[in-house]
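Data file: target00.tsv. Format and content: TSV, C-alpha atoms.
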chain	number	residue	atom	x	y	z
B	4	MET	CA	-11.60	28.14	-45.38
B	5	GLY	CA	-7.89	28.16	-46.05
B	6	LYS	CA	-5.56	25.21	-45.64
B	7	THR	CA	-2.48	25.39	-43.45
B	8	ALA	CA	-0.27	25.94	-46.49
B	9	ASP	CA	-2.31	29.02	-47.31
B	10	LEU	CA	-1.64	30.79	-44.02
B	11	THR	CA	0.25	34.02	-44.50
B	12	ALA	CA	2.96	35.28	-42.17
B	13	VAL	CA	0.49	37.86	-40.85
B	14	GLN	CA	-2.14	35.20	-40.13
B	15	LYS	CA	0.40	33.06	-38.31
B	16	ALA	CA	1.47	36.01	-36.17
B	17	ILE	CA	-2.17	36.77	-35.33
B	18	ILE	CA	-2.76	33.12	-34.37
B	19	ASP	CA	0.20	33.21	-32.00
B	20	THR	CA	-0.99	36.47	-30.44
B	21	LEU	CA	-4.59	35.31	-29.97
B	22	LYS	CA	-3.41	32.02	-28.48
B	23	GLN	CA	-1.30	33.91	-25.94
B	24	GLU	CA	-4.42	35.90	-25.05
B	25	GLY	CA	-6.15	32.63	-24.19
B	26	GLN	CA	-8.56	32.29	-27.12
B	27	THR	CA	-9.63	28.84	-28.27
B	28	GLN	CA	-8.61	27.40	-31.64
B	29	LYS	CA	-12.21	27.63	-32.82
B	30	ASP	CA	-12.46	31.33	-31.98
B	31	ILE	CA	-9.10	32.00	-33.63
B	32	SER	CA	-10.07	30.18	-36.85
B	33	GLU	CA	-13.36	32.09	-37.06
B	34	GLY	CA	-11.58	35.37	-36.37
B	35	ILE	CA	-9.01	35.11	-39.16
B	36	GLY	CA	-11.10	33.12	-41.63
B	37	CYS	CA	-9.23	29.80	-41.84
B	38	SER	CA	-9.94	26.20	-40.82
B	39	GLN	CA	-9.57	25.07	-37.21
B	40	SER	CA	-7.23	22.30	-38.36
B	41	ALA	CA	-4.94	24.92	-39.95
B	42	VAL	CA	-4.73	26.73	-36.62
B	43	SER	CA	-4.08	23.46	-34.82
B	44	ARG	CA	-1.30	22.38	-37.19
B	45	HIS	CA	0.37	25.79	-36.97
B	46	LEU	CA	0.33	25.78	-33.17
B	47	SER	CA	1.61	22.22	-33.04
B	48	GLY	CA	4.37	23.00	-35.52
B	49	THR	CA	3.27	20.38	-38.05
B	50	SER	CA	2.16	22.76	-40.83
B	51	VAL	CA	3.53	22.07	-44.27
B	52	GLY	CA	3.87	24.79	-46.86
B	53	ARG	CA	3.76	24.37	-50.62
B	54	ASN	CA	7.57	24.54	-50.95
B	55	GLU	CA	7.97	21.71	-48.42
B	56	CYS	CA	5.42	19.28	-49.84
B	57	ASP	CA	6.01	16.63	-52.51
B	58	ARG	CA	3.79	18.26	-55.14
B	59	LYS	CA	5.64	18.50	-58.45
B	60	ARG	CA	5.98	21.91	-60.07
B	61	CYS	CA	3.98	21.92	-63.31
B	62	THR	CA	6.29	24.27	-65.23
B	63	THR	CA	10.01	24.19	-65.97
B	64	ARG	CA	12.60	26.92	-65.53
B	65	ARG	CA	12.82	27.20	-69.30
B	66	GLY	CA	9.04	27.66	-69.53
B	67	ASP	CA	9.17	30.28	-66.78
B	68	ARG	CA	11.87	32.20	-68.69
B	69	THR	CA	9.58	32.17	-71.74
B	70	LEU	CA	6.75	33.65	-69.66
B	71	ARG	CA	9.07	36.38	-68.39
B	72	LYS	CA	9.91	37.35	-71.98
B	73	ILE	CA	6.19	37.41	-72.86
B	74	VAL	CA	5.43	39.73	-69.94
B	75	GLU	CA	8.32	42.09	-70.69
B	76	LYS	CA	7.43	42.27	-74.39
B	77	ASP	CA	4.10	43.96	-73.55
B	78	ARG	CA	3.43	44.95	-69.93
B	79	PHE	CA	-0.24	45.75	-70.62
B	80	GLN	CA	-1.43	42.20	-71.37
B	81	THR	CA	-4.18	40.54	-69.34
B	82	LEU	CA	-3.75	37.18	-67.62
B	83	GLY	CA	-5.76	35.65	-70.46
B	84	ASP	CA	-3.37	37.12	-73.03
B	85	LEU	CA	-0.34	35.85	-71.12
B	86	ARG	CA	-1.82	32.37	-70.82
B	87	MET	CA	-2.67	32.24	-74.53
B	88	GLN	CA	0.84	33.25	-75.61
B	89	TRP	CA	2.43	30.90	-73.10
B	90	THR	CA	0.27	28.06	-74.45
B	91	GLU	CA	1.32	28.94	-78.00
B	92	SER	CA	4.93	28.62	-76.90
B	93	GLY	CA	4.26	25.06	-75.72
B	94	VAL	CA	3.38	25.50	-72.05
B	95	GLU	CA	-0.21	24.51	-71.23
B	96	THR	CA	-1.37	25.57	-67.80
B	97	SER	CA	-4.17	27.35	-65.93
B	98	ARG	CA	-4.73	31.08	-65.36
B	99	ALA	CA	-4.01	30.49	-61.67
B	100	THR	CA	-0.59	29.07	-62.51
B	101	VAL	CA	0.16	32.01	-64.81
B	102	TYR	CA	-0.75	34.38	-61.98
B	103	ARG	CA	1.44	32.52	-59.48
B	104	ARG	CA	4.42	32.53	-61.85
B	105	VAL	CA	4.30	36.27	-62.59
B	106	GLN	CA	3.91	36.88	-58.86
B	107	GLU	CA	6.98	34.71	-58.20
B	108	MET	CA	8.90	36.81	-60.74
B	109	GLY	CA	8.09	39.90	-58.72
B	110	TYR	CA	5.44	41.39	-61.03
B	111	ARG	CA	2.29	42.98	-59.64
B	112	CYS	CA	-0.71	44.17	-61.63
B	113	ARG	CA	-0.87	47.94	-61.08
B	114	ILE	CA	-2.57	50.99	-62.53
B	115	PRO	CA	0.07	52.56	-64.81
B	116	GLN	CA	1.52	56.00	-64.30
B	117	VAL	CA	0.26	58.49	-66.90
B	118	LYS	CA	3.02	60.63	-68.36
B	119	PRO	CA	3.06	63.08	-71.31
B	120	LEU	CA	4.86	62.07	-74.47
B	121	LEU	CA	7.92	64.27	-75.01
B	122	ASN	CA	10.01	64.55	-78.15
B	123	GLN	CA	13.74	65.22	-78.08
B	124	LYS	CA	13.34	68.97	-78.56
B	125	GLN	CA	10.88	69.21	-75.68
B	126	ARG	CA	13.14	67.16	-73.41
B	127	GLN	CA	16.08	69.45	-74.22
B	128	LYS	CA	14.02	72.55	-73.42
B	129	ARG	CA	12.94	71.02	-70.11
B	130	LEU	CA	16.54	70.23	-69.28
B	131	THR	CA	17.68	73.76	-70.20
B	132	TRP	CA	14.87	75.29	-68.15
B	133	ALA	CA	15.65	73.15	-65.11
B	134	THR	CA	19.35	73.97	-65.36
B	135	GLU	CA	18.56	77.70	-65.45
B	136	LYS	CA	16.33	77.37	-62.36
B	137	GLN	CA	18.59	74.89	-60.57
B	138	HIS	CA	19.80	77.40	-57.97
B	139	TRP	CA	16.50	79.15	-57.32
B	140	THR	CA	15.69	79.21	-53.62
B	141	VAL	CA	12.34	78.45	-52.01
B	142	ALA	CA	12.02	82.19	-51.38
B	143	GLN	CA	12.32	82.85	-55.12
B	144	TRP	CA	9.78	80.15	-55.95
B	145	SER	CA	7.46	81.68	-53.36
B	146	LYS	CA	7.23	84.74	-55.62
B	147	VAL	CA	5.61	82.63	-58.35
B	148	LEU	CA	1.83	82.47	-58.72
B	149	PHE	CA	1.23	79.06	-60.33
B	150	SER	CA	-1.90	78.39	-62.37
B	151	ASP	CA	-3.48	75.49	-64.22
B	152	GLU	CA	-6.73	74.11	-65.61
B	153	SER	CA	-8.22	70.69	-64.98
B	154	LYS	CA	-11.23	68.68	-66.05
B	155	PHE	CA	-13.72	67.43	-63.50
B	156	CYS	CA	-16.66	65.12	-64.09
B	157	THR	CA	-19.26	63.28	-62.07
B	158	SER	CA	-18.20	59.88	-63.43
B	159	PHE	CA	-15.53	57.86	-61.67
B	160	ARG	CA	-15.00	54.95	-64.01
B	161	ASN	CA	-12.25	52.37	-63.67
B	162	GLN	CA	-8.69	53.35	-64.45
B	163	GLY	CA	-8.43	51.33	-67.67
B	164	ALA	CA	-5.65	48.92	-68.60
B	165	ARG	CA	-3.26	47.70	-65.95
B	166	VAL	CA	0.43	46.96	-66.29
B	167	TRP	CA	2.70	44.18	-65.02
B	168	ARG	CA	5.69	45.61	-63.19
B	169	LYS	CA	8.05	44.91	-60.31
B	170	THR	CA	8.76	47.02	-57.26
B	171	GLY	CA	10.87	50.01	-58.35
B	172	GLN	CA	9.66	49.88	-62.00
B	173	ARG	CA	6.90	52.48	-61.63
B	174	GLU	CA	8.79	54.99	-63.82
B	175	MET	CA	10.16	52.46	-66.35
B	176	PRO	CA	9.26	53.67	-69.90
B	177	THR	CA	7.72	50.30	-70.84
B	178	CYS	CA	5.41	50.53	-67.81
B	179	LEU	CA	4.12	54.07	-68.48
B	180	LYS	CA	0.80	54.94	-70.08
B	181	PRO	CA	1.16	57.97	-72.40
B	182	SER	CA	-1.32	60.74	-71.67
B	183	VAL	CA	-3.19	62.78	-74.23
B	184	LYS	CA	-4.86	66.20	-74.07
B	185	TYR	CA	-8.15	66.08	-72.25
B	186	PRO	CA	-11.34	66.21	-74.33
B	187	GLN	CA	-13.62	69.23	-74.27
B	188	SER	CA	-15.51	69.14	-71.00
B	189	VAL	CA	-16.27	71.13	-67.87
B	190	MET	CA	-13.01	72.79	-66.90
B	191	VAL	CA	-11.78	74.59	-63.78
B	192	TRP	CA	-8.99	77.16	-63.52
B	193	GLY	CA	-7.14	77.78	-60.28
B	194	ALA	CA	-4.00	79.44	-58.93
B	195	MET	CA	-1.81	78.95	-55.88
B	196	SER	CA	1.31	80.28	-54.21
B	197	ALA	CA	3.23	79.47	-51.04
B	198	ALA	CA	0.60	81.53	-49.16
B	199	GLY	CA	-2.41	79.47	-50.26
B	200	VAL	CA	-4.96	79.21	-53.07
B	201	GLY	CA	-6.91	81.84	-55.01
B	202	PRO	CA	-10.55	81.78	-56.17
B	203	LEU	CA	-11.61	79.13	-58.69
B	204	CYS	CA	-12.99	79.88	-62.14
B	205	PHE	CA	-15.44	77.46	-63.75
B	206	ILE	CA	-14.79	77.72	-67.49
B	207	LYS	CA	-17.72	77.73	-69.90
B	208	GLY	CA	-17.05	76.73	-73.47
B	209	ARG	CA	-13.78	76.85	-75.31
B	210	VAL	CA	-11.03	79.16	-74.07
B	211	ASN	CA	-9.60	81.62	-76.60
B	212	ALA	CA	-7.28	84.57	-76.06
B	213	ALA	CA	-10.13	87.01	-75.32
B	214	SER	CA	-11.90	84.76	-72.80
B	215	TYR	CA	-8.58	83.89	-71.17
B	216	GLN	CA	-7.72	87.55	-70.68
B	217	GLU	CA	-11.14	88.08	-69.13
B	218	MET	CA	-10.39	85.18	-66.78
B	219	LEU	CA	-7.07	86.79	-65.85
B	220	GLU	CA	-8.84	90.06	-65.13
B	221	HIS	CA	-11.55	88.60	-62.92
B	222	PHE	CA	-9.76	85.66	-61.26
B	223	MET	CA	-5.99	85.87	-61.61
B	224	LEU	CA	-5.70	89.48	-60.42
B	225	PRO	CA	-7.92	88.82	-57.37
B	226	SER	CA	-5.77	85.74	-56.63
B	227	ALA	CA	-2.62	87.87	-56.77
B	228	GLU	CA	-4.25	90.51	-54.57
B	229	LYS	CA	-5.24	87.90	-52.00
B	230	LEU	CA	-1.89	86.08	-51.94
B	231	TYR	CA	0.62	88.89	-52.53
B	232	GLY	CA	-1.11	92.15	-51.71
B	233	ASP	CA	1.06	94.99	-53.04
B	234	GLU	CA	4.17	92.79	-53.45
B	235	ASP	CA	5.57	91.92	-56.87
B	236	PHE	CA	5.01	88.41	-58.19
B	237	ILE	CA	5.76	86.26	-61.25
B	238	PHE	CA	2.90	84.55	-63.03
B	239	GLN	CA	3.14	81.00	-64.36
B	240	HIS	CA	0.98	79.33	-66.96
B	241	ASP	CA	1.58	76.68	-69.61
B	242	LEU	CA	1.91	77.10	-73.38
B	243	ALA	CA	-1.74	76.63	-74.36
B	244	PRO	CA	-2.64	78.69	-77.48
B	245	ALA	CA	-4.75	81.18	-75.52
B	246	HIS	CA	-1.88	81.67	-73.07
B	247	SER	CA	0.81	82.26	-75.68
B	248	ALA	CA	-1.27	84.53	-77.96
B	249	ASN	CA	0.23	87.93	-78.82
B	250	THR	CA	-2.75	89.76	-77.35
B	251	THR	CA	-2.34	87.85	-74.08
B	252	GLY	CA	1.33	88.82	-73.99
B	253	LYS	CA	0.31	92.45	-74.51
B	254	TRP	CA	-2.20	92.12	-71.64
B	255	PHE	CA	0.58	91.10	-69.25
B	256	THR	CA	2.82	93.92	-70.50
B	257	ASP	CA	0.04	96.47	-70.03
B	258	HIS	CA	-0.52	95.24	-66.48
B	259	GLY	CA	3.19	95.17	-65.66
B	260	ILE	CA	3.17	91.45	-64.80
B	261	THR	CA	6.23	89.26	-65.38
B	262	VAL	CA	5.48	85.82	-66.84
B	263	LEU	CA	7.67	82.83	-66.03
B	264	ASN	CA	9.02	81.06	-69.10
B	265	TRP	CA	7.70	77.49	-69.05
B	266	PRO	CA	8.66	74.28	-70.91
B	267	ALA	CA	5.96	72.48	-72.89
B	268	ASN	CA	4.24	69.34	-71.56
B	269	SER	CA	5.59	69.72	-68.03
B	270	PRO	CA	2.78	69.01	-65.54
B	271	ASP	CA	5.36	67.34	-63.27
B	272	LEU	CA	6.85	70.80	-62.63
B	273	ASN	CA	3.56	72.48	-61.70
B	274	PRO	CA	2.52	72.14	-58.01
B	275	VAL	CA	-1.10	72.99	-58.89
B	276	GLU	CA	-1.30	69.48	-60.37
B	277	ASN	CA	-0.87	68.14	-56.85
B	278	LEU	CA	-3.78	70.25	-55.65
B	279	TRP	CA	-6.01	68.94	-58.44
B	280	ASP	CA	-5.05	65.43	-57.37
B	281	ILE	CA	-6.01	66.19	-53.78
B	282	VAL	CA	-9.39	67.61	-54.86
B	283	LYS	CA	-10.14	64.66	-57.15
B	284	ARG	CA	-9.35	62.14	-54.42
B	285	LYS	CA	-11.82	63.94	-52.14
B	286	LEU	CA	-14.44	63.91	-54.91
B	287	ARG	CA	-14.17	60.12	-55.12
B	288	ASP	CA	-15.48	60.03	-51.56
B	289	ALA	CA	-18.13	62.71	-52.13
B	290	ARG	CA	-19.44	61.09	-55.36
B	291	PRO	CA	-21.40	64.12	-56.68
B	292	ASN	CA	-24.24	63.19	-59.05
B	293	THR	CA	-25.13	66.55	-60.63
B	294	LEU	CA	-23.11	69.42	-62.04
B	295	ASP	CA	-24.19	71.70	-59.18
B	296	GLU	CA	-23.13	69.08	-56.63
B	297	LEU	CA	-19.84	68.67	-58.48
B	298	LYS	CA	-19.09	72.40	-58.44
B	299	ALA	CA	-19.99	72.67	-54.76
B	300	ALA	CA	-17.76	69.69	-53.91
B	301	ILE	CA	-14.86	71.12	-55.92
B	302	GLU	CA	-15.15	74.52	-54.23
B	303	ALA	CA	-15.37	72.93	-50.78
B	304	SER	CA	-12.34	70.70	-51.41
B	305	TRP	CA	-10.34	73.59	-52.87
B	306	ALA	CA	-11.20	75.86	-49.95
B	307	SER	CA	-10.07	73.19	-47.48
B	308	ILE	CA	-6.49	73.25	-48.81
B	309	ALA	CA	-4.33	74.74	-46.08
B	310	PRO	CA	-1.58	77.34	-46.74
B	311	GLN	CA	0.91	74.98	-45.10
B	312	GLN	CA	0.12	72.39	-47.76
B	313	CYS	CA	0.78	74.94	-50.49
B	314	HIS	CA	4.04	76.01	-48.86
B	315	ARG	CA	5.25	72.39	-48.81
B	316	LEU	CA	4.51	72.09	-52.52
B	317	ILE	CA	6.39	75.29	-53.34
B	318	ALA	CA	9.29	74.02	-51.21
B	319	SER	CA	9.43	70.97	-53.50
B	320	MET	CA	10.33	73.06	-56.57
B	321	PRO	CA	14.13	72.74	-56.11
B	322	ARG	CA	13.70	68.96	-55.93
B	323	ARG	CA	11.55	68.99	-59.05
B	324	THR	CA	14.16	70.86	-61.08
B	325	GLU	CA	16.87	68.50	-59.82
B	326	ALA	CA	14.70	65.54	-60.82
B	327	VAL	CA	14.34	66.86	-64.37
B	328	ILE	CA	18.11	67.34	-64.60
B	329	SER	CA	18.74	63.81	-63.30
B	330	ALA	CA	16.20	62.43	-65.79
B	331	LYS	CA	17.85	64.40	-68.64
B	332	GLY	CA	14.55	66.11	-69.44
B	333	PHE	CA	12.33	63.04	-69.31
B	334	PRO	CA	9.11	63.06	-67.20
B	335	THR	CA	9.78	62.68	-63.48
B	336	LYS	CA	7.94	61.15	-60.53
B	337	TYR	CA	6.14	64.42	-59.81
B	338	PRO	CA	3.33	65.34	-59.24
B	339	VAL	CA	3.56	63.62	-55.88
B	340	HIS	CA	0.88	63.10	-53.23
B	341	ASN	CA	1.08	65.55	-50.33

Mind converting the file's structure to structure tokens?
Amino acid sequence: MGKTADLTAVQKAIIDTLKQEGQTQKDISEGIGCSQSAVSRHLSGTSVGRNECDRKRCTTRRGDRTLRKIVEKDRFQTLGDLRMQWTESGVETSRATVYRRVQEMGYRCRIPQVKPLLNQKQRQKRLTWATEKQHWTVAQWSKVLFSDESKFCTSFRNQGARVWRKTGQREMPTCLKPSVKYPQSVMVWGAMSAAGVGPLCFIKGRVNAASYQEMLEHFMLPSAEKLYGDEDFIFQHDLAPAHSANTTGKWFTDHGITVLNWPANSPDLNPVENLWDIVKRKLRDARPNTLDELKAAIEASWASIAPQQCHRLIASMPRRTEAVISAKGFPTKYPVHN
């Protein structure tokens, strides 16, 4: 059970509320998980917090500044790593003290954002693209049929290394975890517009130009038929080799379909990424164990996506282009949760 000094502001507020409701100190202490004496001292106004007691702080300001430099040198270190380096600098203390100090500095241990690595040329192309599309309206973006592929698996392992960062530092370059191309695995292709989603395609094996064109024939065209009917549309896909092949370009020309030019490594500009995120979050709850269960769960989650949700994502495109311009081509906060 916690001491009085350990009571949080929320616990204190709950104690006050329960006392006003007429509950006894024993019932209150059992309800919030602290000692009865802690409740008593809080109600009597005699509680003493850590900052008010006579306990001497075991580290100096100079030592704390050293720890800050250690954290900012490599944001992906564990508490053990931080303690070891702090000890090597001359400050011997416990893991608990290390944790308290980094908390006092405003750092929290978080799962890092994953962003693609972009070179200068790619950033410039993103910036040019965003500038060209800066004045596109939501109505113009609604004419675009967006597409993407994503990997799904039955395993939901932990998220890997964590990063020490403060509030507002989520997008700081030193706090980002660079992403890499996904390994060969079970892949799913899907398309969406402001009107909703099209049918999914479960990809078998490696995608080359021929198999991609077959996918376009049997899944992209039905998606366009469902979402646009006889109206004209613009198709979007990324710069994967099968997508940018000469024969694929000829396929689009033969079918009279306009393809949207697209900057490399730009998942933050594609609203389908948000839909994949929605589906994957639902799969974490479903926890499929077999491939058949996985496919069924993916299809069910995809089918549950409402047209209104898709329209909101398409309506975010002007903000996405503005974000790329503001970031001078660097990765932005998108995809966002919707």

Report task. Dump as a VMD selection string all residues having an atom at most 7 Å from (-11.8, 67.9, -53.7), computed in the file's coordinates with only C-alpha atoms. Result -> chain B and resid 281 to 286 300 to 301 303 to 305

**Report entry** Shell of 10 Å around stretch 79-88 of chain B, all atoms listed in the file, local chain residues under 6 positions omitted, as a ChimeraX atom specification
**Finding:** /B:69-71,73,94-102,105,112-115,164-168,177-180

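The interatomic distance for the pair atom CA of B:Trp265 and atom CA of B:Arg129 works out to 8.4 Å.
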
Query - Residue nearest B:Leu120 - candidates B:Lys72, B:Gly332, B:Gln239, B:Val327, atoms counted: all atoms listed in the file - result: B:Gly332

Report task. Check the smallest atom-to-atom distance from each of B:Met175, B:Ile18, B:Ala248, B:Met218 to B:Ser47 using all atoms listed in the file, then report the winner. Result -> B:Ile18

**Report entry** One-decimal distance in Å that lies between atom CA of B:Ser153 and atom CA of B:Lys118
**Finding:** 15.5 Å

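Going from atom CA of B:Ile17 over to atom CA of B:Ser40, you cover 15.6 Å.
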
**Report entry** Selected residue, from B:Lys29, B:Trp279, B:Trp254, B:Gln143, that lies nearest to B:Leu203 when counting only C-alpha atoms
**Finding:** B:Trp279

Report task. List the neighbours of B:Lys207 out to 10 Å using all atoms listed in the file; skip same-chain residues closer than 6 positions along the sequence, and give me the result as a ChimeraX atom specification. Result -> /B:188-191,214

Quick one: contact table of stretch 224-259 of chain B to stretch 193-197 of chain B, 10 Å max, nearest atom pair and distance in Å to one decimal per residue, counting all atoms listed in the file, chain and number order, as a tab-separated table?
residue	atom	partner	partner_atom	distance
B:Ser226	CA	B:Ala194	CA	6.9
B:Ala227	CA	B:Ala194	CA	8.8
B:Leu230	CA	B:Ser196	CA	7.0
B:Tyr231	CA	B:Ser196	CA	8.8
B:Phe236	CA	B:Ser196	CA	9.8
B:Phe238	CA	B:Ala194	CA	9.5
B:Gln239	CA	B:Ala194	CA	9.1
B:His240	CA	B:Ala194	CA	9.4

May I have the selected residues written with C-alpha atoms, as a PDB file, keeping the file's coordinate frame?
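Everything below was put into again16.pdb:
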ATOM      1  CA  SER B 226      -5.770  85.740 -56.630  1.00  0.00           C
ATOM      2  CA  ALA B 227      -2.620  87.870 -56.770  1.00  0.00           C
ATOM      3  CA  LEU B 230      -1.890  86.080 -51.940  1.00  0.00           C
ATOM      4  CA  TYR B 231       0.620  88.890 -52.530  1.00  0.00           C
ATOM      5  CA  PHE B 236       5.010  88.410 -58.190  1.00  0.00           C
ATOM      6  CA  PHE B 238       2.900  84.550 -63.030  1.00  0.00           C
ATOM      7  CA  GLN B 239       3.140  81.000 -64.360  1.00  0.00           C
ATOM      8  CA  HIS B 240       0.980  79.330 -66.960  1.00  0.00           C
TER       9      HIS B 240
END
